[in-house]
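Raw data15.txt, compact mmCIF, C-alpha atoms:
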```
# COMPACT_ATOMS: atom_id res chain seq x y z
CA MET A 1 -21.29 32.43 8.43
CA LYS A 2 -21.35 35.82 10.12
CA ILE A 3 -18.92 38.73 10.14
CA ASP A 4 -16.86 39.19 13.31
CA VAL A 5 -15.88 42.71 14.29
CA LEU A 6 -12.84 44.16 16.02
CA LEU A 7 -12.96 47.77 17.16
CA GLY A 8 -11.60 50.22 19.73
CA LEU A 9 -13.48 51.12 22.91
CA GLN A 10 -11.63 54.29 23.88
CA TRP A 11 -10.35 57.32 21.92
CA GLY A 12 -8.39 55.18 19.46
CA ASP A 13 -4.79 53.93 19.66
CA GLU A 14 -5.86 50.81 21.57
CA GLY A 15 -3.68 48.44 19.54
CA LYS A 16 -6.22 47.24 16.99
CA GLY A 17 -3.72 46.63 14.19
CA LYS A 18 -1.61 44.26 16.23
CA VAL A 19 -4.59 42.22 17.38
CA VAL A 20 -6.05 42.01 13.86
CA ASP A 21 -2.66 40.74 12.68
CA VAL A 22 -2.70 38.08 15.41
CA LEU A 23 -6.29 36.99 14.69
CA ALA A 24 -5.97 37.15 10.87
CA PRO A 25 -4.91 33.49 10.41
CA ARG A 26 -8.36 32.50 11.69
CA TYR A 27 -10.05 34.41 8.83
CA ASP A 28 -10.26 34.35 5.06
CA ILE A 29 -11.04 38.07 4.64
CA ILE A 30 -10.02 41.17 6.65
CA ALA A 31 -11.96 44.35 5.83
CA ARG A 32 -11.68 47.99 6.90
CA PHE A 33 -15.18 49.43 7.25
CA GLN A 34 -14.65 53.14 8.06
CA GLY A 35 -12.16 55.95 8.59
CA GLY A 36 -9.27 56.89 6.35
CA PRO A 37 -5.57 57.72 6.51
CA ASN A 38 -6.15 59.28 9.93
CA ALA A 39 -5.82 55.71 11.21
CA GLY A 40 -2.42 54.46 12.31
CA HIS A 41 -2.35 50.72 12.97
CA THR A 42 1.08 49.61 14.19
CA LEU A 43 2.38 46.07 13.71
CA ILE A 44 5.73 44.79 14.99
CA PHE A 45 7.20 41.43 14.04
CA ASN A 46 10.60 40.05 13.04
CA ASN A 47 12.16 43.12 14.68
CA LYS A 48 10.49 45.44 12.17
CA LYS A 49 7.76 48.04 12.63
CA TYR A 50 4.98 48.72 10.12
CA VAL A 51 2.34 51.45 10.34
CA LEU A 52 -0.79 51.00 8.22
CA HIS A 53 -3.14 53.89 7.49
CA LEU A 54 -5.53 52.61 4.81
CA ILE A 55 -4.58 49.01 4.16
CA PRO A 56 -6.17 46.39 6.46
CA SER A 57 -3.92 44.84 9.11
CA GLY A 58 -4.28 41.33 7.74
CA ILE A 59 -2.11 42.16 4.74
CA PHE A 60 1.00 40.47 6.16
CA ARG A 61 -0.82 37.13 6.44
CA PRO A 62 -0.49 35.51 2.99
CA GLU A 63 -3.63 33.41 3.31
CA THR A 64 -6.01 36.38 3.67
CA ILE A 65 -7.80 38.63 1.22
CA ASN A 66 -7.96 42.25 2.43
CA VAL A 67 -10.69 44.72 1.50
CA ILE A 68 -11.10 48.49 1.81
CA GLY A 69 -14.84 48.91 2.32
CA ASN A 70 -17.21 51.58 1.08
CA GLY A 71 -17.31 53.29 4.49
CA VAL A 72 -13.65 54.28 4.13
CA VAL A 73 -12.39 57.53 2.57
CA LEU A 74 -9.21 56.98 0.53
CA ASP A 75 -6.35 59.33 -0.36
CA PRO A 76 -4.61 57.94 -3.49
CA VAL A 77 -1.29 59.60 -2.54
CA ILE A 78 -1.10 58.07 0.92
CA PHE A 79 -2.37 54.75 -0.42
CA SER A 80 0.36 54.65 -3.10
CA LYS A 81 3.13 55.39 -0.61
CA GLU A 82 1.82 52.73 1.73
CA MET A 83 1.58 50.25 -1.12
CA GLU A 84 5.19 50.91 -2.13
CA GLN A 85 6.45 50.26 1.40
CA ILE A 86 4.58 46.97 1.63
CA ASN A 87 5.65 45.85 -1.84
CA LYS A 88 9.27 46.22 -0.68
CA THR A 89 8.62 43.39 1.78
CA GLY A 90 7.79 41.04 -1.09
CA ILE A 91 4.02 41.27 -0.67
CA TYR A 92 2.29 42.38 -3.86
CA LEU A 93 -0.94 44.06 -2.85
CA GLU A 94 -2.55 43.85 -6.27
CA GLU A 95 -3.04 40.12 -5.71
CA ARG A 96 -4.61 40.31 -2.24
CA LEU A 97 -6.22 43.71 -1.79
CA TYR A 98 -9.65 44.66 -3.14
CA ILE A 99 -11.30 48.08 -2.97
CA SER A 100 -15.03 48.77 -2.87
CA GLU A 101 -16.11 50.78 -5.89
CA LYS A 102 -18.23 52.90 -3.50
CA THR A 103 -15.22 54.03 -1.44
CA HIS A 104 -15.03 57.84 -1.51
CA LEU A 105 -11.86 59.64 -2.58
CA ILE A 106 -10.07 62.36 -0.63
CA LEU A 107 -9.11 65.18 -3.01
CA PRO A 108 -6.14 67.56 -2.61
CA THR A 109 -8.60 70.37 -1.92
CA HIS A 110 -10.18 68.33 0.90
CA ARG A 111 -6.87 68.52 2.75
CA THR A 112 -6.68 72.27 2.23
CA ILE A 113 -10.25 72.79 3.47
CA ASP A 114 -9.38 70.69 6.52
CA MET A 115 -6.39 72.92 7.34
CA ALA A 116 -8.39 76.11 6.75
CA SER A 117 -11.27 74.94 8.93
CA GLU A 118 -8.99 73.93 11.79
CA LYS A 119 -7.12 77.23 11.61
CA LEU A 120 -10.40 79.17 11.74
CA LYS A 121 -11.48 77.39 14.94
CA GLY A 122 -8.40 78.61 16.82
CA LYS A 123 -8.55 77.50 20.45
CA THR A 124 -11.70 75.48 19.80
CA LYS A 125 -10.06 73.25 17.18
CA ILE A 126 -10.77 69.54 17.52
CA GLY A 127 -7.24 68.31 16.83
CA SER A 128 -7.80 67.07 13.28
CA THR A 129 -5.06 65.02 11.62
CA LEU A 130 -5.45 67.41 8.64
CA LYS A 131 -5.76 64.51 6.20
CA GLY A 132 -8.98 65.81 4.63
CA ILE A 133 -11.14 63.18 6.31
CA GLY A 134 -13.92 65.48 7.53
CA PRO A 135 -14.32 67.41 4.26
CA ALA A 136 -14.38 64.15 2.27
CA TYR A 137 -17.16 62.76 4.46
CA ALA A 138 -18.96 66.12 4.24
CA ASP A 139 -18.98 65.86 0.44
CA LYS A 140 -20.22 62.30 0.75
CA ILE A 141 -23.17 63.42 2.90
CA SER A 142 -23.91 66.42 0.69
CA ARG A 143 -23.85 64.11 -2.36
CA ASN A 144 -20.94 65.79 -4.08
CA GLY A 145 -18.36 63.05 -3.51
CA LEU A 146 -16.09 61.37 -6.00
CA ARG A 147 -15.83 57.57 -5.64
CA VAL A 148 -13.39 54.86 -6.62
CA GLY A 149 -15.96 53.52 -9.08
CA ASP A 150 -15.84 56.84 -10.96
CA ILE A 151 -12.15 56.43 -11.80
CA ASN A 152 -12.70 54.33 -14.92
CA LYS A 153 -15.66 56.37 -16.15
CA PRO A 154 -15.29 58.84 -19.06
CA TYR A 155 -16.63 61.68 -16.92
CA PHE A 156 -14.05 61.24 -14.13
CA GLU A 157 -11.77 64.21 -14.87
CA LYS A 158 -14.72 66.51 -15.55
CA LYS A 159 -16.34 65.56 -12.26
CA TYR A 160 -13.03 66.07 -10.45
CA LEU A 161 -12.62 69.56 -11.91
CA GLU A 162 -16.19 70.51 -10.98
CA LEU A 163 -15.65 69.44 -7.37
CA LYS A 164 -12.26 71.17 -7.25
CA LYS A 165 -13.90 74.39 -8.52
CA LEU A 166 -16.53 74.15 -5.79
CA HIS A 167 -13.82 73.67 -3.14
CA LEU A 168 -11.76 76.61 -4.39
CA LYS A 169 -14.87 78.77 -4.13
CA GLN A 170 -15.28 77.67 -0.51
CA LEU A 171 -11.62 78.40 0.22
CA GLU A 172 -12.09 82.02 -0.85
CA LEU A 173 -13.82 82.48 2.52
CA PHE A 174 -10.62 81.63 4.39
CA ASP A 175 -7.48 83.67 4.90
CA LEU A 176 -5.10 80.93 3.83
CA ASP A 177 -2.24 80.73 1.36
CA PHE A 178 -2.07 77.37 -0.38
CA ASP A 179 -0.80 75.64 -3.48
CA ILE A 180 -2.23 72.25 -4.37
CA GLU A 181 -0.45 71.75 -7.72
CA LYS A 182 2.33 69.47 -6.43
CA TYR A 183 -0.05 67.34 -4.39
CA GLU A 184 -2.53 67.30 -7.25
CA LYS A 185 0.11 65.83 -9.57
CA GLU A 186 0.88 63.13 -7.00
CA TRP A 187 -2.86 62.57 -6.59
CA PHE A 188 -3.39 61.78 -10.28
CA ASN A 189 -0.37 59.46 -10.19
CA GLY A 190 -2.09 57.77 -7.26
CA ILE A 191 -5.25 57.39 -9.33
CA GLU A 192 -3.21 55.50 -11.92
CA THR A 193 -1.92 53.25 -9.13
CA LEU A 194 -5.46 52.54 -7.96
CA LYS A 195 -6.38 51.35 -11.46
CA ARG A 196 -4.12 48.35 -10.92
CA PHE A 197 -6.43 47.03 -8.20
CA LYS A 198 -9.67 45.10 -8.30
CA PHE A 199 -12.71 47.28 -7.61
CA ILE A 200 -15.60 45.28 -6.18
CA ASN A 201 -19.31 45.54 -5.48
CA SER A 202 -18.80 45.20 -1.73
CA GLU A 203 -22.39 44.29 -0.86
CA LYS A 204 -22.37 41.36 -3.25
CA PHE A 205 -18.80 40.39 -2.36
CA PHE A 206 -19.38 40.10 1.40
CA ASN A 207 -22.81 38.51 1.21
CA ASP A 208 -21.60 35.94 -1.32
CA ALA A 209 -18.55 35.25 0.86
CA MET A 210 -20.75 34.53 3.87
CA ILE A 211 -22.92 32.16 1.83
CA GLU A 212 -19.74 30.35 0.73
CA GLY A 213 -18.73 29.92 4.37
CA LYS A 214 -15.83 32.39 4.30
CA LYS A 215 -14.69 33.75 7.67
CA ILE A 216 -14.61 37.55 7.73
CA LEU A 217 -13.20 40.01 10.26
CA ALA A 218 -14.21 43.67 10.06
CA GLU A 219 -11.44 45.98 11.28
CA GLY A 220 -12.38 49.30 12.87
CA ALA A 221 -10.30 52.48 13.00
CA GLN A 222 -10.18 55.18 15.69
CA GLY A 223 -12.34 54.32 18.74
CA THR A 224 -15.90 54.31 20.06
CA LEU A 225 -15.51 57.57 21.97
CA LEU A 226 -14.61 59.26 18.67
CA ASP A 227 -17.80 58.07 16.93
CA ILE A 228 -19.63 60.85 15.09
CA ASN A 229 -22.95 59.88 16.71
CA SER A 230 -21.98 58.45 20.08
CA GLY A 231 -18.60 60.00 20.87
CA THR A 232 -17.52 63.09 22.82
CA TYR A 233 -18.93 65.47 20.22
CA PRO A 234 -17.70 67.76 18.68
CA PHE A 235 -14.25 66.32 19.47
CA VAL A 236 -14.87 63.25 17.34
CA THR A 237 -14.00 61.80 13.95
CA SER A 238 -16.31 61.96 10.93
CA SER A 239 -17.35 58.33 10.64
CA THR A 240 -19.29 55.66 12.51
CA THR A 241 -16.60 53.87 14.52
CA THR A 242 -19.01 51.57 16.38
CA SER A 243 -20.20 48.10 15.35
CA ALA A 244 -23.18 49.76 13.63
CA GLY A 245 -20.71 51.13 11.08
CA VAL A 246 -19.93 47.62 9.84
CA CYS A 247 -23.36 47.33 8.25
CA THR A 248 -23.14 50.59 6.33
CA GLY A 249 -19.38 50.40 5.77
CA LEU A 250 -19.37 46.94 4.17
CA GLY A 251 -22.96 46.53 3.00
CA VAL A 252 -24.24 43.77 5.29
CA ALA A 253 -27.32 43.35 7.44
CA PRO A 254 -27.30 43.70 11.27
CA ASN A 255 -28.21 40.04 11.72
CA LYS A 256 -25.00 39.07 9.91
CA ILE A 257 -22.78 40.37 12.72
CA GLY A 258 -21.15 37.67 14.88
CA GLU A 259 -18.51 38.09 17.60
CA ILE A 260 -17.60 41.65 18.53
CA PHE A 261 -14.09 42.06 19.92
CA GLY A 262 -13.70 45.30 21.87
CA ILE A 263 -10.14 46.51 22.50
CA PHE A 264 -9.08 48.75 25.37
CA LYS A 265 -5.83 49.74 27.03
CA ALA A 266 -5.17 48.91 30.68
CA TYR A 267 -5.20 52.70 31.10
CA THR A 268 -6.54 55.45 28.81
CA THR A 269 -5.03 57.78 26.20
CA ARG A 270 -6.27 60.45 23.87
CA VAL A 271 -4.77 62.47 20.99
CA GLY A 272 -6.03 65.94 20.23
CA ASN A 273 -8.49 68.11 22.11
CA GLY A 274 -11.65 67.12 23.93
CA PRO A 275 -12.82 65.97 27.37
CA PHE A 276 -10.75 63.38 29.24
CA PRO A 277 -11.95 62.95 32.86
CA THR A 278 -9.11 60.69 34.02
CA GLU A 279 -6.27 62.59 32.34
CA LEU A 280 -3.12 62.90 34.43
CA ILE A 281 -1.54 66.29 33.88
CA ASN A 282 1.39 65.54 36.16
CA GLU A 283 4.53 63.42 36.46
CA THR A 284 2.46 60.23 36.52
CA GLY A 285 0.94 61.09 33.14
CA VAL A 286 4.40 61.79 31.74
CA LYS A 287 5.61 58.45 33.11
CA LEU A 288 2.69 56.61 31.47
CA ARG A 289 3.51 58.27 28.17
CA LYS A 290 7.19 57.40 28.43
CA ILE A 291 6.77 53.77 29.45
CA GLY A 292 3.91 53.18 27.01
CA HIS A 293 5.62 55.00 24.11
CA GLU A 294 2.45 57.02 23.70
CA PHE A 295 2.96 59.00 20.53
CA GLY A 296 0.51 59.03 17.63
CA ALA A 297 1.34 56.56 14.84
CA THR A 298 -0.16 58.93 12.25
CA THR A 299 0.69 62.38 13.63
CA GLY A 300 3.58 61.69 16.01
CA ARG A 301 1.83 63.87 18.58
CA GLU A 302 2.15 63.14 22.28
CA ARG A 303 -0.85 61.23 23.57
CA ARG A 304 -2.60 62.50 26.66
CA CYS A 305 -2.51 59.78 29.32
CA GLY A 306 -4.71 58.85 32.28
CA TRP A 307 -6.11 55.96 34.28
CA LEU A 308 -8.71 53.52 32.96
CA ASP A 309 -12.21 55.04 32.83
CA LEU A 310 -14.66 52.22 33.60
CA THR A 311 -17.70 54.44 33.13
CA ALA A 312 -16.66 55.18 29.55
CA LEU A 313 -15.67 51.54 28.99
CA LYS A 314 -19.08 50.24 30.11
CA TYR A 315 -20.73 52.71 27.77
CA ALA A 316 -18.60 51.57 24.83
CA VAL A 317 -19.24 47.88 25.58
CA GLN A 318 -22.97 48.51 25.75
CA ILE A 319 -23.46 50.46 22.52
CA ASN A 320 -21.26 48.09 20.52
CA GLY A 321 -22.70 44.86 21.90
CA VAL A 322 -19.19 43.64 22.72
CA THR A 323 -18.96 39.87 23.29
CA GLN A 324 -15.22 39.59 24.00
CA LEU A 325 -12.73 42.05 25.44
CA VAL A 326 -9.08 42.47 24.51
CA MET A 327 -6.83 44.30 26.98
CA THR A 328 -3.61 45.83 25.67
CA LYS A 329 -0.63 47.55 27.31
CA ALA A 330 -0.90 45.42 30.46
CA ASP A 331 2.89 45.47 30.56
CA VAL A 332 3.01 49.26 30.97
CA LEU A 333 1.50 49.16 34.46
CA CYS A 334 4.45 47.04 35.63
CA GLY A 335 6.30 50.32 35.95
CA PHE A 336 4.08 51.56 38.80
CA LYS A 337 3.75 50.69 42.46
CA ASN A 338 0.02 51.44 42.41
CA PHE A 339 -2.49 52.59 39.86
CA LYS A 340 -6.13 53.70 39.82
CA VAL A 341 -9.34 53.01 37.95
CA ALA A 342 -12.23 55.47 37.67
CA THR A 343 -15.47 53.71 38.63
CA ALA A 344 -17.90 56.66 38.46
CA TYR A 345 -18.17 60.41 37.83
CA ASN A 346 -18.79 63.00 40.54
CA ILE A 347 -20.54 65.95 38.91
CA ASN A 348 -21.37 68.70 41.40
CA GLY A 349 -21.89 66.13 44.15
CA ASN A 350 -23.98 63.76 42.02
CA ILE A 351 -22.40 60.32 41.51
CA LEU A 352 -23.03 58.96 38.02
CA ASP A 353 -22.16 55.47 36.81
CA TYR A 354 -23.04 56.29 33.20
CA MET A 355 -21.80 58.67 30.49
CA PRO A 356 -23.77 61.94 30.68
CA TYR A 357 -24.37 64.36 27.82
CA ASP A 358 -21.43 66.57 28.81
CA ILE A 359 -18.20 65.39 30.46
CA GLU A 360 -16.16 68.44 29.57
CA ASN A 361 -16.56 70.44 32.79
CA GLU A 362 -16.82 69.75 36.53
CA VAL A 363 -16.27 66.00 36.23
CA LYS A 364 -14.34 64.45 39.10
CA PRO A 365 -13.68 60.73 38.76
CA GLU A 366 -14.32 58.41 41.70
CA TYR A 367 -11.27 56.15 41.90
CA LYS A 368 -10.49 52.65 43.10
CA LYS A 369 -6.84 51.95 43.88
CA PHE A 370 -4.96 48.81 42.80
CA LYS A 371 -1.56 47.38 43.55
CA ALA A 372 0.54 46.94 40.42
CA TRP A 373 2.44 43.80 39.49
CA ASN A 374 6.23 43.57 39.55
CA GLY A 375 8.54 42.39 36.80
CA THR A 376 8.13 41.93 33.09
CA LEU A 377 5.32 40.04 31.35
CA ASP A 378 7.43 39.41 28.21
CA ASN A 379 8.00 35.70 28.66
CA ILE A 380 4.56 34.76 29.97
CA THR A 381 2.61 32.69 27.46
CA GLU A 382 -0.19 31.33 29.69
CA SER A 383 -2.67 33.43 31.65
CA LYS A 384 -2.41 31.09 34.66
CA LYS A 385 1.19 32.34 35.07
CA PHE A 386 0.15 36.00 35.33
CA PRO A 387 0.98 37.79 38.61
CA ILE A 388 -1.90 37.59 41.09
CA GLU A 389 -2.34 41.38 40.93
CA LEU A 390 -2.93 41.26 37.17
CA LYS A 391 -5.36 38.37 37.54
CA GLU A 392 -7.33 40.36 40.12
CA TYR A 393 -7.38 43.41 37.85
CA ILE A 394 -8.70 41.34 34.94
CA LYS A 395 -11.42 39.75 37.08
CA PHE A 396 -12.44 43.15 38.46
CA ILE A 397 -12.94 44.59 34.97
CA GLU A 398 -14.80 41.49 33.76
CA LYS A 399 -17.19 41.71 36.71
CA GLU A 400 -17.80 45.44 36.20
CA VAL A 401 -18.57 45.25 32.47
CA ASN A 402 -19.97 41.70 32.46
CA VAL A 403 -17.92 40.66 29.42
CA PRO A 404 -14.93 38.27 29.46
CA ILE A 405 -11.40 39.44 28.68
CA THR A 406 -10.23 36.71 26.32
CA ILE A 407 -6.98 38.22 25.02
CA ILE A 408 -4.26 40.16 26.85
CA SER A 409 -1.41 41.95 25.11
CA THR A 410 1.81 41.93 27.13
CA GLY A 411 4.13 43.83 24.78
CA PRO A 412 4.42 45.45 21.32
CA ASP A 413 5.37 42.40 19.22
CA ARG A 414 2.82 40.07 17.60
CA THR A 415 4.21 37.31 19.85
CA HIS A 416 3.28 39.25 22.99
CA ILE A 417 -0.27 37.93 23.12
CA VAL A 418 -1.78 35.69 25.79
CA MET A 419 -5.15 33.96 25.49
CA ASN A 420 -7.01 34.12 28.78
CA ASN A 421 -8.15 30.61 29.62
CA GLU A 422 -8.95 31.17 33.29
```
Structure rendered as structure tokens:
Amino acid sequence: MKIDVLLGLQWGDEGKGKVVDVLAPRYDIIARFQGGPNAGHTLIFNNKKYVLHLIPSGIFRPETINVIGNGVVLDPVIFSKEMEQINKTGIYLEERLYISEKTHLILPTHRTIDMASEKLKGKTKIGSTLKGIGPAYADKISRNGLRVGDINKPYFEKKYLELKKLHLKQLELFDLDFDIEKYEKEWFNGIETLKRFKFINSEKFFNDAMIEGKKILAEGAQGTLLDINSGTYPFVTSSTTTSAGVCTGLGVAPNKIGEIFGIFKAYTTRVGNGPFPTELINETGVKLRKIGHEFGATTGRERRCGWLDLTALKYAVQINGVTQLVMTKADVLCGFKNFKVATAYNINGNILDYMPYDIENEVKPEYKKFKAWNGTLDNITESKKFPIELKEYIKFIEKEVNVPITIISTGPDRTHIVMNNE
């Protein structure tokens, strides 16, 4: 068996959590392979809404084991609060959630460093979620990090205090008032909560599972255009959000990757600062935000909205090796008479059909106009019953990126999913 992958192809918020939840019954194991509590995966079913930050989106499917992989950075406080909310639903995570012993921990001082760093950048800030993600990954790279596997070691508290001392020394460089005592107390309570879970050798776990014929789905967080290596740097996250991150984030070889599901919205959104060629800073953008309920699941911030950027989508499909596409928010475009799709970039008179090094300045999208479809998509369960305009839009995208769209989301609930059989 091979590991299938599901990841975002834009700047995050594509609807990954919902689709993982829908696909989960096909799999034995669902695993997060990167990111941290900056993720916000929203699931809606039985008239209730759940937002997951660290816990994989297969947790509400009783037949699946869920794993937090070693590529994730974990905040024990946020994890504990999330666990408590899920336990209230009658699901006891301790029985179905495993954590890689190589998963790095986010310390209280990581959050403070994050805030200080963002404040120092002023107008050039990247729009961090201020969860301590970047500083935690920085310690990982600089080989100072504290890991889940350290928790049960006799040196754990000493190592924590040494790292805290180092962070406080760094914070002396910033003009920032802070007090971490309250959060630190919660953090150590969270450490005690973590001790109730099974810590695993993730490399052995996943490779043994594949040998045993287990079906595994790797769940990505954020989106391809936020990838630390391939995204719109420096306005990116601190992890590898592409399919390459599955190998390092779970401990598997490249030849063990199977299907790669790439998710994108029928239009485009972005949270935080950074380039966004198709952004609509007008009434149309406001309308997209309103109809699509475009507010960050983690931060609550308004999402910037714009038309679909095919140039960026092709790029994301290519570097991830996407084999199947999933289109979400198709229902939102019902609210428009017409809409547009960017097919290329015009940079100082030069037409580019690829992502250049810099898309921050002087980028004018070349647009193709489409007629929108009327009425709701709520009750449509077969793709053959889609409005002709939606069918044409789907076929246009498939032709442009040369990958089939196999799943279309037509609303927020887990039941609002249509398999494309045409």
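Distances to Asp13 (chain A) were evaluated for A:His41, A:His293, A:Arg304, A:Lys198 using only C-alpha atoms, and the minimum falls at A:His41.
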Give me, as a tab-separated table, each residue of region 209-308 of chain A that comes within 12 Å of region 382-406 of chain A, together with its shortest interatomic pair and the distance in Å at one decimal, counting all atoms listed in the file, with rows ordered by chain and rising residue number.
```
residue	atom	partner	partner_atom	distance
A:Ile260	CA	A:Val403	CA	10.9
A:Phe261	CA	A:Thr406	CA	9.2
A:Gly262	CA	A:Ile405	CA	9.3
A:Ile263	CA	A:Ile405	CA	9.5
A:Phe264	CA	A:Ile405	CA	10.1
A:Lys265	CA	A:Ile405	CA	11.8
A:Ala266	CA	A:Tyr393	CA	9.3
A:Tyr267	CA	A:Tyr393	CA	11.7
A:Leu308	CA	A:Ile397	CA	10.1
```
Determine, counting all atoms listed in the file, which protein, DNA and RNA residues have an atom within 10 Å of an atom of Ala312 (chain A); residues of the same chain fewer than 4 positions away are not included. Present the result as an mmCIF file with C-alpha atoms, in the coordinates of the input.
```
data_model
loop_
_atom_site.group_PDB
_atom_site.id
_atom_site.type_symbol
_atom_site.label_atom_id
_atom_site.label_comp_id
_atom_site.auth_asym_id
_atom_site.auth_seq_id
_atom_site.Cartn_x
_atom_site.Cartn_y
_atom_site.Cartn_z
ATOM 1 C CA LEU A 9 -13.480 51.120 22.910
ATOM 2 C CA GLN A 10 -11.630 54.290 23.880
ATOM 3 C CA THR A 224 -15.900 54.310 20.060
ATOM 4 C CA LEU A 225 -15.510 57.570 21.970
ATOM 5 C CA PRO A 277 -11.950 62.950 32.860
ATOM 6 C CA LEU A 308 -8.710 53.520 32.960
ATOM 7 C CA ALA A 316 -18.600 51.570 24.830
ATOM 8 C CA VAL A 317 -19.240 47.880 25.580
ATOM 9 C CA GLN A 318 -22.970 48.510 25.750
ATOM 10 C CA ALA A 342 -12.230 55.470 37.670
ATOM 11 C CA THR A 343 -15.470 53.710 38.630
ATOM 12 C CA ALA A 344 -17.900 56.660 38.460
ATOM 13 C CA TYR A 345 -18.170 60.410 37.830
ATOM 14 C CA ASP A 353 -22.160 55.470 36.810
ATOM 15 C CA TYR A 354 -23.040 56.290 33.200
ATOM 16 C CA MET A 355 -21.800 58.670 30.490
ATOM 17 C CA PRO A 356 -23.770 61.940 30.680
#
```
### Message
Using all atoms listed in the file for the distances, tell me which of A:Ser202, A:Met1, A:Leu250, A:Arg96 is nearest to Arg32 (chain A).
### Response
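Closest residue, counting all atoms listed in the file: A:Leu250.
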### Task
In Å, rounded to a single decimal, give me how far CA of Val67 (chain A) is from CA of Asp21 (chain A).
14.3 Å
Around all the atoms of region 11-14 of chain A listed in the file, with 8 Å of room on each side, what axis-aligned box do you get, giving centre and edge lengths in Å to one decimal, as JSON?
```
{"center_x": -7.6, "center_y": 54.1, "center_z": 20.7, "size_x": 21.6, "size_y": 22.5, "size_z": 18.5}
```
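The residue that comes closest to Met419 (chain A), out of A:Thr323, A:Thr328, A:Thr237, A:Asn374 and on the basis of only C-alpha atoms, is A:Thr328.
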### Of the listed residues A:Gly69, A:Gly220, A:Gly272, A:Gly213, that which approaches Glu14 (chain A) most closely, counting all atoms listed in the file
A:Gly220
### Task
Using all atoms listed in the file, determine which residues lie at most 9 Å from Phe206 (chain A), disregarding the query and same-chain residues fewer than 6 positions distant; provide the list as a list in words.
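Residues meeting the cut-off are Ile3, Lys214, Ile216, Leu250, Gly251 and Val252 of chain A.
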### Message
Which residues are near Val271 (chain A)? Cut-off 12 Å, only C-alpha atoms, ignore same chain within fewer than 5 positions. Put them as a PyMOL selection string.
### Response
chain A and resi 10-14+38-39+126-129+222-223+225-226+235-237+276+279+289+294-306
